[in-house]
>>> print(open('entry15.cif').read())   # mmCIF, C-alpha atoms
data_model
#
loop_
_atom_site.label_atom_id
_atom_site.label_comp_id
_atom_site.auth_asym_id
_atom_site.auth_seq_id
_atom_site.Cartn_x
_atom_site.Cartn_y
_atom_site.Cartn_z
CA MET A 72 20.42 -19.79 3.52
CA ASP A 73 17.77 -20.44 0.87
CA LYS A 74 18.15 -17.76 -1.80
CA GLU A 75 15.03 -18.58 -3.76
CA ILE A 76 13.30 -15.42 -2.54
CA TYR A 77 16.15 -13.34 -3.97
CA CYS A 78 15.74 -15.04 -7.31
CA GLN A 79 12.02 -14.25 -7.17
CA LEU A 80 12.99 -10.59 -6.74
CA GLY A 81 14.95 -10.83 -9.99
CA LEU A 82 18.52 -11.20 -8.75
CA ASP A 83 21.01 -13.21 -10.81
CA LYS A 84 23.09 -15.89 -9.03
CA ARG A 85 26.27 -14.09 -10.14
CA VAL A 86 25.13 -10.94 -8.31
CA LEU A 87 24.27 -12.93 -5.18
CA ASP A 88 27.65 -14.69 -5.21
CA LEU A 89 29.42 -11.33 -5.54
CA GLY A 90 27.48 -10.06 -2.56
CA ASP A 91 28.42 -13.09 -0.46
CA GLU A 92 32.07 -12.58 -1.35
CA VAL A 93 32.01 -8.95 -0.23
CA ILE A 94 30.16 -9.66 3.03
CA LYS A 95 32.99 -11.95 4.14
CA GLU A 96 35.39 -9.00 3.82
CA ILE A 97 33.42 -6.40 5.78
CA ARG A 98 32.60 -8.12 9.07
CA ASP A 99 35.13 -6.04 11.02
CA SER A 100 33.60 -2.82 9.70
CA PHE A 101 30.15 -4.04 10.77
CA ASP A 102 31.42 -4.75 14.30
CA ARG A 103 32.70 -1.19 14.62
CA ILE A 104 29.42 0.23 13.33
CA ASP A 105 27.52 -1.84 15.91
CA GLU A 106 29.75 -0.52 18.71
CA ILE A 107 28.99 3.08 17.71
CA ALA A 108 25.26 2.32 17.49
CA GLU A 109 25.28 0.76 20.95
CA TYR A 110 26.99 3.80 22.47
CA ASN A 111 24.64 6.24 20.73
CA GLN A 112 21.59 4.20 21.75
CA ALA A 113 22.63 4.59 25.38
CA LYS A 114 23.23 8.31 24.83
CA VAL A 115 19.74 8.85 23.41
CA LEU A 116 18.18 6.80 26.21
CA LYS A 117 19.98 8.85 28.85
CA ALA A 118 18.84 12.12 27.25
CA MET A 119 15.23 10.92 27.30
CA GLN A 120 15.43 9.73 30.89
CA ASP A 121 17.24 12.85 32.12
CA ASN A 122 14.48 15.03 30.64
CA LYS A 123 11.71 12.85 32.10
CA VAL A 124 9.92 11.99 28.88
CA ASP A 125 6.50 10.58 29.77
CA THR A 126 3.33 9.59 27.94
CA SER A 127 2.00 13.16 28.03
CA CYS A 128 4.88 14.14 25.73
CA LEU A 129 3.57 11.88 22.98
CA THR A 130 0.32 13.79 22.46
CA GLY A 131 0.14 16.97 20.42
CA THR A 132 -1.36 20.43 20.49
CA ASN A 133 -3.18 22.59 17.97
CA GLY A 134 -3.80 26.29 17.48
CA TYR A 135 -1.04 28.43 18.94
CA GLY A 136 0.60 25.46 20.58
CA HIS A 137 1.03 27.17 23.94
CA ASP A 138 2.32 24.96 26.76
CA ASP A 139 3.22 22.10 24.41
CA ILE A 140 5.08 19.88 26.87
CA GLY A 141 5.96 17.30 24.23
CA ARG A 142 7.50 19.89 21.90
CA ASP A 143 9.48 21.60 24.64
CA THR A 144 10.72 18.33 26.12
CA LEU A 145 11.80 17.01 22.71
CA GLU A 146 13.91 20.12 22.22
CA ALA A 147 15.47 19.54 25.63
CA VAL A 148 16.20 15.92 24.64
CA TYR A 149 17.98 17.01 21.46
CA ALA A 150 19.98 19.62 23.38
CA SER A 151 21.05 17.05 25.98
CA CYS A 152 21.94 14.37 23.44
CA PHE A 153 23.99 16.78 21.31
CA ASN A 154 25.56 18.47 24.36
CA ALA A 155 24.08 21.83 23.37
CA GLU A 156 22.62 24.67 25.41
CA ALA A 157 19.34 24.71 23.48
CA ALA A 158 17.60 23.25 20.44
CA LEU A 159 14.86 24.06 17.97
CA VAL A 160 13.11 20.88 16.75
CA ARG A 161 9.98 21.56 14.74
CA PRO A 162 7.81 20.06 12.01
CA HIS A 163 7.54 23.64 10.72
CA LEU A 164 11.13 23.34 9.43
CA THR A 165 10.14 21.83 6.11
CA CYS A 166 13.53 20.41 5.08
CA GLY A 167 17.25 20.64 5.76
CA THR A 168 17.62 23.63 3.44
CA HIS A 169 14.87 25.46 5.33
CA ALA A 170 16.57 24.75 8.66
CA LEU A 171 19.87 26.06 7.29
CA ALA A 172 18.16 29.15 5.87
CA VAL A 173 16.52 29.89 9.24
CA ALA A 174 19.80 29.49 11.12
CA LEU A 175 21.70 31.71 8.67
CA SER A 176 19.10 34.47 8.33
CA ALA A 177 18.53 34.55 12.10
CA ASN A 178 22.19 35.13 12.88
CA LEU A 179 23.35 37.33 9.99
CA LEU A 180 22.49 41.02 9.66
CA PRO A 181 22.98 43.53 6.81
CA GLY A 182 26.68 44.28 6.46
CA ASP A 183 27.76 40.90 7.85
CA GLU A 184 29.73 38.40 5.85
CA MET A 185 29.33 34.63 5.69
CA LEU A 186 32.34 32.44 4.95
CA SER A 187 32.48 28.84 3.75
CA PRO A 188 35.93 27.34 4.46
CA VAL A 189 35.07 24.10 2.65
CA GLY A 190 34.43 25.40 -0.85
CA LYS A 191 31.13 25.48 -2.69
CA PRO A 192 28.09 24.76 -0.52
CA TYR A 193 25.37 22.28 -1.35
CA ASP A 194 23.43 23.22 -4.48
CA THR A 195 20.21 24.24 -2.72
CA LEU A 196 22.04 26.85 -0.62
CA GLU A 197 23.13 28.84 -3.66
CA GLU A 198 19.82 30.74 -3.83
CA VAL A 199 19.65 31.02 -0.03
CA ILE A 200 23.03 32.73 0.05
CA GLY A 201 22.60 34.65 -3.18
CA ILE A 202 25.35 32.98 -5.19
CA LYS A 203 22.49 32.65 -7.65
CA ASP A 204 20.12 35.60 -7.64
CA CYS A 205 16.88 34.86 -5.84
CA ALA A 206 14.27 36.89 -4.00
CA CYS A 207 14.78 36.97 -0.22
CA SER A 208 18.36 35.67 -0.42
CA LEU A 209 20.95 36.75 2.14
CA LYS A 210 22.59 38.80 -0.59
CA GLU A 211 19.36 40.73 -1.15
CA TYR A 212 19.36 41.64 2.55
CA GLY A 213 22.92 42.94 2.46
CA VAL A 214 24.86 39.89 3.61
CA THR A 215 28.03 39.19 1.62
CA TYR A 216 29.59 35.79 1.01
CA ARG A 217 33.00 34.39 0.30
CA GLN A 218 34.48 30.91 0.22
CA VAL A 219 37.85 29.23 0.51
CA ASP A 220 38.16 26.13 -1.63
CA LEU A 221 39.60 22.92 -0.28
CA LEU A 222 43.12 21.92 -1.25
CA PRO A 223 43.48 19.36 -4.06
CA ASP A 224 43.76 16.53 -1.51
CA GLY A 225 40.45 17.55 0.10
CA SER A 226 42.00 19.11 3.21
CA PHE A 227 41.40 22.59 4.62
CA ASP A 228 43.37 25.52 3.22
CA TYR A 229 44.28 26.98 6.60
CA GLY A 230 46.33 29.79 5.08
CA GLY A 231 43.48 30.81 2.79
CA ILE A 232 40.99 30.64 5.65
CA LYS A 233 43.10 32.87 7.88
CA GLU A 234 43.41 35.40 5.08
CA ALA A 235 39.66 35.33 4.34
CA ILE A 236 38.50 36.03 7.90
CA ASN A 237 38.07 39.77 8.41
CA GLU A 238 36.20 42.32 10.53
CA LYS A 239 32.94 41.64 8.65
CA THR A 240 33.05 37.86 9.05
CA LYS A 241 30.09 37.07 11.31
CA LEU A 242 29.33 33.43 10.58
CA ILE A 243 31.35 30.53 9.20
CA GLU A 244 29.43 27.58 7.78
CA ILE A 245 31.09 24.17 7.60
CA GLN A 246 29.35 21.54 5.49
CA ARG A 247 30.17 18.20 7.07
CA SER A 248 28.99 15.94 4.26
CA LYS A 249 30.15 16.09 0.66
CA GLY A 250 26.93 17.17 -1.04
CA TYR A 251 27.20 16.56 -4.78
CA GLN A 252 31.00 16.63 -4.72
CA MET A 253 33.55 13.84 -4.82
CA ARG A 254 35.38 14.92 -1.69
CA PRO A 255 35.74 13.26 1.71
CA THR A 256 33.21 13.88 4.45
CA PHE A 257 34.82 15.55 7.46
CA SER A 258 35.10 13.76 10.77
CA VAL A 259 33.98 15.49 13.95
CA GLU A 260 37.63 15.54 14.99
CA GLN A 261 38.62 17.37 11.80
CA ILE A 262 35.77 19.82 12.27
CA GLY A 263 36.91 20.44 15.84
CA GLU A 264 40.44 21.20 14.68
CA LEU A 265 39.12 23.68 12.12
CA ILE A 266 36.85 25.36 14.68
CA SER A 267 39.75 25.70 17.11
CA PHE A 268 41.85 27.33 14.37
CA ILE A 269 39.02 29.71 13.46
CA LYS A 270 38.26 30.72 17.05
CA LYS A 271 41.91 31.60 17.67
CA ILE A 272 41.69 34.07 14.80
CA LYS A 273 38.25 35.46 15.69
CA PRO A 274 36.82 34.18 18.99
CA ASP A 275 33.39 35.81 18.59
CA VAL A 276 32.64 34.44 15.13
CA ILE A 277 29.67 32.05 14.93
CA VAL A 278 30.57 28.62 13.57
CA MET A 279 27.66 26.65 12.16
CA VAL A 280 27.92 23.06 10.93
CA ASP A 281 25.58 21.59 8.34
CA ASN A 282 25.26 18.23 10.09
CA CYS A 283 22.99 16.55 7.52
CA TYR A 284 23.71 12.83 6.99
CA GLY A 285 26.28 12.80 9.82
CA GLU A 286 24.25 12.36 13.01
CA PHE A 287 25.05 9.19 15.01
CA THR A 288 27.77 8.00 12.62
CA GLU A 289 30.26 8.83 15.37
CA ILE A 290 29.92 8.93 19.15
CA ILE A 291 30.21 12.74 19.30
CA GLU A 292 28.61 15.59 17.36
CA PRO A 293 30.15 18.92 16.25
CA THR A 294 28.55 20.81 19.18
CA GLU A 295 30.92 18.83 21.40
CA VAL A 296 33.99 20.23 19.63
CA GLY A 297 33.09 23.92 19.59
CA ALA A 298 30.35 24.40 16.98
CA ASP A 299 27.95 27.18 17.95
CA MET A 300 25.14 25.61 15.92
CA ILE A 301 24.49 22.33 14.15
CA VAL A 302 21.65 21.94 11.68
CA GLY A 303 19.90 18.94 10.18
CA SER A 304 16.75 17.36 8.77
CA LEU A 305 14.44 14.97 10.59
CA ILE A 306 13.81 12.94 7.43
CA LYS A 307 17.50 12.09 7.46
CA ASN A 308 19.40 10.43 10.30
CA PRO A 309 17.81 11.76 13.52
CA GLY A 310 14.24 11.03 12.46
CA GLY A 311 14.97 7.32 12.41
CA GLY A 312 12.67 6.84 9.41
CA LEU A 313 9.58 7.63 11.49
CA ALA A 314 9.62 11.44 11.53
CA PRO A 315 7.18 12.52 8.80
CA THR A 316 8.76 15.97 8.40
CA GLY A 317 10.82 18.55 10.25
CA GLY A 318 14.28 19.81 11.03
CA TYR A 319 16.45 20.79 13.98
CA ILE A 320 18.96 23.43 15.01
CA ALA A 321 20.98 22.90 18.20
CA GLY A 322 23.71 24.92 19.86
CA LYS A 323 24.33 28.07 21.88
CA LYS A 324 21.17 29.48 23.46
CA GLU A 325 21.77 32.97 22.09
CA CYS A 326 21.92 31.63 18.53
CA ILE A 327 18.96 29.26 19.00
CA ASP A 328 16.77 32.00 20.50
CA ARG A 329 17.29 34.03 17.34
CA CYS A 330 16.34 30.98 15.26
CA HIS A 331 13.09 30.66 17.21
CA TYR A 332 12.32 34.33 16.50
CA ARG A 333 13.11 33.92 12.81
CA LEU A 334 10.95 30.80 12.47
CA SER A 335 7.93 32.30 14.23
CA ALA A 336 8.06 36.04 15.01
CA PRO A 337 10.17 38.48 17.05
CA GLY A 338 8.94 38.54 20.61
CA VAL A 339 7.04 35.28 20.17
CA GLY A 340 9.82 32.79 19.58
CA GLN A 341 9.63 29.28 20.96
CA ASP A 342 6.31 29.65 22.79
CA VAL A 343 4.20 28.98 19.71
CA GLY A 344 4.10 26.26 17.10
CA ALA A 345 1.57 23.47 17.48
CA SER A 346 3.08 20.01 17.20
CA LEU A 347 -0.26 18.58 16.04
CA HIS A 348 -0.20 14.79 16.35
CA ILE A 349 3.26 13.65 15.32
CA MET A 350 5.18 13.84 18.60
CA GLY A 351 5.12 10.08 19.12
CA SER A 352 6.80 9.58 15.75
CA LEU A 353 9.45 12.23 16.48
CA TYR A 354 10.34 10.68 19.85
CA GLN A 355 10.31 7.09 18.66
CA GLY A 356 12.23 7.99 15.51
CA PHE A 357 14.94 9.71 17.54
CA PHE A 358 15.11 6.69 19.85
CA LEU A 359 15.55 4.32 16.90
CA ALA A 360 17.94 6.59 14.99
CA PRO A 361 21.24 5.06 16.18
CA THR A 362 20.16 1.59 15.01
CA VAL A 363 18.67 2.84 11.75
CA VAL A 364 21.83 4.83 11.00
CA ALA A 365 23.90 1.70 11.68
CA GLY A 366 21.90 -0.19 9.06
CA ALA A 367 22.44 2.60 6.55
CA LEU A 368 26.18 2.63 7.29
CA LYS A 369 26.41 -1.11 6.70
CA GLY A 370 24.65 -0.63 3.38
CA ALA A 371 27.16 2.06 2.43
CA VAL A 372 30.12 -0.18 3.33
CA PHE A 373 28.58 -3.02 1.32
CA ALA A 374 28.07 -0.73 -1.69
CA ALA A 375 31.70 0.39 -1.50
CA GLY A 376 32.90 -3.21 -1.45
CA ILE A 377 30.68 -4.29 -4.35
CA TYR A 378 31.51 -1.39 -6.62
CA GLU A 379 35.23 -1.43 -5.85
CA LYS A 380 35.28 -5.05 -6.99
CA LEU A 381 33.47 -4.02 -10.16
CA GLY A 382 36.21 -1.48 -10.90
CA PHE A 383 34.48 1.79 -10.05
CA ASN A 384 35.92 4.70 -8.09
CA VAL A 385 34.13 4.91 -4.76
CA LEU A 386 34.28 7.43 -1.93
CA PRO A 387 34.78 6.53 0.86
CA GLY A 388 36.81 3.49 -0.06
CA LEU A 389 36.08 0.12 1.50
CA GLY A 390 38.64 0.42 4.30
CA GLU A 391 38.00 4.07 5.18
CA THR A 392 36.29 5.31 8.32
CA ARG A 393 32.75 6.59 7.85
CA HIS A 394 31.54 10.04 8.94
CA ASP A 395 28.18 10.12 7.14
CA ILE A 396 25.79 7.64 5.56
CA ILE A 397 26.50 8.59 1.94
CA GLN A 398 28.38 6.36 -0.47
CA SER A 399 29.57 8.08 -3.65
CA ILE A 400 30.20 5.99 -6.75
CA GLU A 401 31.59 7.36 -10.01
CA LEU A 402 29.64 5.46 -12.63
CA GLY A 403 31.09 7.22 -15.66
CA SER A 404 27.93 7.79 -17.70
CA ALA A 405 24.37 9.00 -17.50
CA GLU A 406 23.22 5.57 -18.68
CA ALA A 407 24.90 3.88 -15.73
CA MET A 408 23.36 6.41 -13.31
CA LYS A 409 19.92 5.64 -14.72
CA ALA A 410 20.48 1.89 -14.42
CA PHE A 411 21.71 2.22 -10.83
CA CYS A 412 18.67 4.27 -9.85
CA LEU A 413 16.38 1.84 -11.64
CA GLY A 414 17.78 -0.88 -9.39
CA ILE A 415 17.29 1.12 -6.20
CA GLN A 416 13.72 1.94 -7.22
CA ALA A 417 13.04 -1.71 -8.06
CA ALA A 418 14.10 -2.64 -4.53
CA ALA A 419 11.74 -0.12 -2.91
CA PRO A 420 8.59 -1.05 -0.97
CA ILE A 421 6.75 1.93 -2.47
CA ASP A 422 6.59 2.78 -6.21
CA SER A 423 8.89 -0.10 -7.11
CA TYR A 424 7.44 -0.26 -10.63
CA ILE A 425 8.41 3.32 -11.51
CA ALA A 426 11.49 4.08 -13.63
CA PRO A 427 13.35 7.18 -12.37
CA VAL A 428 14.27 9.72 -15.04
CA PRO A 429 16.46 12.84 -14.83
CA SER A 430 14.47 16.04 -14.39
CA PRO A 431 14.86 19.67 -13.34
CA ILE A 432 14.46 20.18 -9.58
CA PRO A 433 14.17 23.57 -7.83
CA GLY A 434 17.49 24.59 -6.30
CA TYR A 435 19.68 22.53 -8.65
CA SER A 436 21.54 23.72 -11.76
CA ASP A 437 21.59 20.37 -13.54
CA GLU A 438 18.95 17.78 -14.10
CA VAL A 439 18.92 15.36 -11.16
CA ILE A 440 17.96 11.71 -11.10
CA MET A 441 16.49 10.41 -7.86
CA ALA A 442 15.40 6.94 -6.81
CA VAL A 443 13.35 6.72 -3.64
CA GLY A 444 10.37 4.55 -2.88
CA ALA A 445 9.94 5.77 0.66
CA PHE A 446 7.20 5.82 3.28
CA VAL A 447 8.12 9.49 3.85
CA GLN A 448 8.41 11.56 0.66
CA GLY A 449 12.05 12.37 -0.08
CA SER A 450 13.38 10.64 3.02
CA SER A 451 17.15 10.18 2.75
CA ILE A 452 17.43 7.77 5.67
CA GLU A 453 15.29 5.36 3.68
CA LEU A 454 16.83 3.50 0.75
CA SER A 455 17.58 6.09 -1.90
CA ALA A 456 20.06 7.29 -4.50
CA ASP A 457 20.43 10.50 -6.43
CA GLY A 458 22.85 12.64 -8.36
CA PRO A 459 23.13 15.46 -10.89
CA ILE A 460 23.54 14.44 -14.51
CA ARG A 461 27.01 15.91 -14.97
CA GLU A 462 30.59 14.69 -14.95
CA PRO A 463 31.97 12.60 -13.33
CA TYR A 464 28.48 11.05 -13.37
CA ALA A 465 28.61 10.18 -9.68
CA ILE A 466 25.67 8.66 -7.87
CA TYR A 467 25.12 9.23 -4.16
CA PHE A 468 23.65 6.21 -2.40
CA GLN A 469 22.31 6.40 1.12
CA GLY A 470 19.84 5.02 3.60
CA GLY A 471 18.00 1.83 4.24
CA LEU A 472 15.82 1.50 7.34
CA THR A 473 17.36 -1.94 7.82
CA TRP A 474 20.67 -3.45 6.76
CA ALA A 475 18.80 -6.25 4.95
CA HIS A 476 16.94 -3.75 2.80
CA ALA A 477 20.07 -1.70 2.08
CA LYS A 478 21.80 -4.90 0.98
CA LEU A 479 18.95 -5.76 -1.39
CA GLY A 480 19.06 -2.28 -2.86
CA VAL A 481 22.77 -2.50 -3.63
CA LEU A 482 22.39 -5.95 -5.20
CA MET A 483 19.48 -4.77 -7.34
CA SER A 484 21.50 -1.79 -8.58
CA VAL A 485 24.20 -4.21 -9.75
CA GLN A 486 21.54 -6.39 -11.36
CA LYS A 487 20.24 -3.53 -13.49
CA LEU A 488 23.76 -2.54 -14.58
CA LEU A 489 24.41 -6.18 -15.50
CA GLU A 490 21.19 -6.42 -17.50
CA LYS A 491 22.16 -3.36 -19.51
CA ASP A 492 25.67 -4.74 -20.11
CA LEU A 493 27.25 -1.88 -18.16
CA VAL A 494 29.23 -4.18 -15.84
CA LYS A 495 30.87 -7.59 -16.14
CA ILE A 496 30.84 -10.17 -13.35
#
>>> encode(input="entry15.cif", output="structure tokens")
Amino acid sequence: MDKEIYCQLGLDKRVLDLGDEVIKEIRDSFDRIDEIAEYNQAKVLKAMQDNKVDTSCLTGTNGYGHDDIGRDTLEAVYASCFNAEAALVRPHLTCGTHALAVALSANLLPGDEMLSPVGKPYDTLEEVIGIKDCACSLKEYGVTYRQVDLLPDGSFDYGGIKEAINEKTKLIEIQRSKGYQMRPTFSVEQIGELISFIKKIKPDVIVMVDNCYGEFTEIIEPTEVGADMIVGSLIKNPGGGLAPTGGYIAGKKECIDRCHYRLSAPGVGQDVGASLHIMGSLYQGFFLAPTVVAGALKGAVFAAGIYEKLGFNVLPGLGETRHDIIQSIELGSAEAMKAFCLGIQAAAPIDSYIAPVPSPIPGYSDEVIMAVGAFVQGSSIELSADGPIREPYAIYFQGGLTWAHAKLGVLMSVQKLLEKDLVKI
């Protein structure tokens, strides 16, 4: 293939040759990713057909949003696809953190306790829970919190979890993806084993899974292994790059009904909430999501192969099974993180000329550097990379609406490290 266009984009022949070398080694991984995408595509199609999606679903409503057939049908599609009793899928859920906050506050009451059996939650949940003092936190409303850290090898501390569960434990939140931690992402099978263990100790406890970044990376979701709720963002995997905003919560009807009441108002619930004019994007994005996620997964595998060859610690490793779209890379310095993000930004279709710099971001303790030149602001299913400026100076790479774009992003990140003499090829 003629590589002149890559040279015009500023890529060195040494970087291109390294990429070609890695691609030869990852074909088997790509085949498995394609198999999962094919299965999930059929699953989404069946959910849409079973719920009789028609052209009337693609138009929106305004005002109160009463009798919004598109909104109600989309929620039925999500519930069917994720094998859940009910779902809340709304543009009014502004981000993944908001969706998690709604699910938690809807199902926890004063005097209840929340437990994390997977250690520290994602940074933006610290104020939601009240680990860091904040107005309107769960702590302020009388909800207590405790956590059980993972064992040194990244596995669950079953003994510690059993000891931590008590009469006040109302909800247990499992974060599937790693967040800003260098630990493995949990498979749906692992999550199912943990849920089974928990339910034997306390059958009536609510188990909620933060499913962000994990949707469609496997052929089943946590609701199919006992989770009472799963929560995610539409500008990550399930939005397929087309959803302009929104989030979802799916699971047991009793839990989801409470989420509807918390999002709108008690007694009103799911019957209000105008979908405006974005339903076509939400449906089409969900339909495309399995293929888009497959492209992002291929980009993650490619990044792992490239950076392993360059001598960096990567998680997951090249041969490991994937359970989310995130590729973690320990770069070892703030300078290398900046160079990596400069490369990702330079490969973006939007704002490619901007140089990312670390800055304070609400909800995070450390300065965070983010590279994203996306069609949807902050979209993590589009080519992006981010990380807190702290040891071990790990960057978290994810997304790419197509495999070809994800590949270019990884190559450009190497190019910028090479130009700054931070890697040798």
>>> closest_residue(input="entry15.cif", among="A:Gly340, A:Gly449, A:Gly382, A:Gly458", to="A:Leu493", atoms="all atoms listed in the file")
A:Gly382
>>> resolve_selection(input="entry15.cif", expression="the PyMOL selection byres ((chain A and resi 348-354) around 12)", output="PyMOL selection string")
chain A and resi 115-116+118-119+124-133+136+139-149+160-163+304-306+308-319+345-347+355-360+447
>>> residues_around(input="entry15.cif", residues="stretch 409-420 of chain A", least_positions_apart="2", cutoff="10 Å", atoms="only C-alpha atoms", output="PyMOL selection string")
chain A and resi 80-81+402+404-407+422-429+440-446+453-458+460+466-468+471+476-491+493
>>> write_last_selection(input="entry15.cif", atoms="C-alpha atoms", output="short mmCIF file (atom, residue, chain, number, x, y, z; two decimals), keeping the file's coordinate frame")
data_model
loop_
_atom_site.label_atom_id
_atom_site.label_comp_id
_atom_site.auth_asym_id
_atom_site.auth_seq_id
_atom_site.Cartn_x
_atom_site.Cartn_y
_atom_site.Cartn_z
CA LEU A 80 12.99 -10.59 -6.74
CA GLY A 81 14.95 -10.83 -9.99
CA LEU A 402 29.64 5.46 -12.63
CA SER A 404 27.93 7.79 -17.70
CA ALA A 405 24.37 9.00 -17.50
CA GLU A 406 23.22 5.57 -18.68
CA ALA A 407 24.90 3.88 -15.73
CA ASP A 422 6.59 2.78 -6.21
CA SER A 423 8.89 -0.10 -7.11
CA TYR A 424 7.44 -0.26 -10.63
CA ILE A 425 8.41 3.32 -11.51
CA ALA A 426 11.49 4.08 -13.63
CA PRO A 427 13.35 7.18 -12.37
CA VAL A 428 14.27 9.72 -15.04
CA PRO A 429 16.46 12.84 -14.83
CA ILE A 440 17.96 11.71 -11.10
CA MET A 441 16.49 10.41 -7.86
CA ALA A 442 15.40 6.94 -6.81
CA VAL A 443 13.35 6.72 -3.64
CA GLY A 444 10.37 4.55 -2.88
CA ALA A 445 9.94 5.77 0.66
CA PHE A 446 7.20 5.82 3.28
CA GLU A 453 15.29 5.36 3.68
CA LEU A 454 16.83 3.50 0.75
CA SER A 455 17.58 6.09 -1.90
CA ALA A 456 20.06 7.29 -4.50
CA ASP A 457 20.43 10.50 -6.43
CA GLY A 458 22.85 12.64 -8.36
CA ILE A 460 23.54 14.44 -14.51
CA ILE A 466 25.67 8.66 -7.87
CA TYR A 467 25.12 9.23 -4.16
CA PHE A 468 23.65 6.21 -2.40
CA GLY A 471 18.00 1.83 4.24
CA HIS A 476 16.94 -3.75 2.80
CA ALA A 477 20.07 -1.70 2.08
CA LYS A 478 21.80 -4.90 0.98
CA LEU A 479 18.95 -5.76 -1.39
CA GLY A 480 19.06 -2.28 -2.86
CA VAL A 481 22.77 -2.50 -3.63
CA LEU A 482 22.39 -5.95 -5.20
CA MET A 483 19.48 -4.77 -7.34
CA SER A 484 21.50 -1.79 -8.58
CA VAL A 485 24.20 -4.21 -9.75
CA GLN A 486 21.54 -6.39 -11.36
CA LYS A 487 20.24 -3.53 -13.49
CA LEU A 488 23.76 -2.54 -14.58
CA LEU A 489 24.41 -6.18 -15.50
CA GLU A 490 21.19 -6.42 -17.50
CA LYS A 491 22.16 -3.36 -19.51
CA LEU A 493 27.25 -1.88 -18.16
#
>>> resolve_selection(input="entry15.cif", expression="the PyMOL selection byres ((chain A and resi 226) around 10)", output="list in words")
Val189, Asp220, Leu221, Leu222, Pro223, Asp224, Gly225, Phe227, Asp228, Tyr229, Arg254, Pro255, Phe257 and Gln261 of chain A
>>> atom_distance(input="entry15.cif", atom1="atom CA of A:Lys307", atom2="atom CA of A:Gly322")
18.9 Å
>>> residues_around(input="entry15.cif", residues="A:Asp275", least_positions_apart="5", cutoff="12 Å", atoms="all atoms listed in the file", output="JSON, numbers by chain")
{"A": [236, 237, 238, 239, 240, 241, 242, 243, 266, 269, 270, 297, 298, 299]}
>>> resolve_selection(input="entry15.cif", expression="the PyMOL selection byres ((chain A and resi 110) around 12)", output="list of chain:residue names")
A:Arg103, A:Ile104, A:Asp105, A:Glu106, A:Ile107, A:Ala108, A:Glu109, A:Asn111, A:Gln112, A:Ala113, A:Lys114, A:Val115, A:Leu116, A:Lys117, A:Cys152, A:Phe287, A:Thr288, A:Glu289, A:Ile290, A:Ile291, A:Pro361, A:Thr362, A:Ala365
>>> closest_residue(input="entry15.cif", among="A:Cys166, A:Ala235, A:Ala157, A:Ile496", to="A:Gly90", atoms="all atoms listed in the file")
A:Ile496
>>> atom_distance(input="entry15.cif", atom1="atom CA of A:Glu260", atom2="atom CA of A:Ile277")
18.3 Å
>>> closest_residue(input="entry15.cif", among="A:Ile272, A:Met408, A:Leu87, A:Cys326", to="A:Pro463", atoms="all atoms listed in the file")
A:Met408
>>> atom_distance(input="entry15.cif", atom1="atom CA of A:Ser267", atom2="atom CA of A:Val364")
28.2 Å
>>> closest_residue(input="entry15.cif", among="A:Asp281, A:Glu244, A:Glu391, A:Asp342", to="A:Asn178", atoms="all atoms listed in the file")
A:Glu244
>>> axis_aligned_box(input="entry15.cif", around="stretch 86-94 of chain A", padding_each_side="3 Å", output="JSON")
{"center_x": 28.2, "center_y": -11.8, "center_z": -2.6, "size_x": 13.8, "size_y": 11.7, "size_z": 17.3}
>>> closest_residue(input="entry15.cif", among="A:Gly167, A:Gly213, A:Gly201, A:Gly338", to="A:Asn282", atoms="only C-alpha atoms")
A:Gly167
>>> residues_around(input="entry15.cif", residues="A:Gly403", least_positions_apart="5", cutoff="8 Å", atoms="only C-alpha atoms", output="MDAnalysis selection string")
chainID A and resid 462:465
>>> decode(input="entry15.cif", residues="stretch 414-431 of chain A", atoms="C-alpha atoms", output="tab-separated table (two decimals), in the first residue's frame")
chain	number	residue	atom	x	y	z
A	414	GLY	CA	0.24	12.89	19.10
A	415	ILE	CA	-3.36	11.87	19.73
A	416	GLN	CA	-4.49	15.48	19.30
A	417	ALA	CA	-2.47	15.81	16.10
A	418	ALA	CA	-4.32	12.80	14.70
A	419	ALA	CA	-7.76	14.28	15.48
A	420	PRO	CA	-10.21	15.56	12.85
A	421	ILE	CA	-11.20	18.44	15.14
A	422	ASP	CA	-8.76	20.82	16.89
A	423	SER	CA	-5.74	18.93	15.56
A	424	TYR	CA	-3.56	22.05	15.85
A	425	ILE	CA	-4.09	22.42	19.61
A	426	ALA	CA	-1.46	21.26	22.11
A	427	PRO	CA	-3.05	19.64	25.20
A	428	VAL	CA	-1.73	20.87	28.54
A	429	PRO	CA	-2.37	19.57	32.08
A	430	SER	CA	-5.03	21.52	33.93
A	431	PRO	CA	-7.34	21.29	36.94
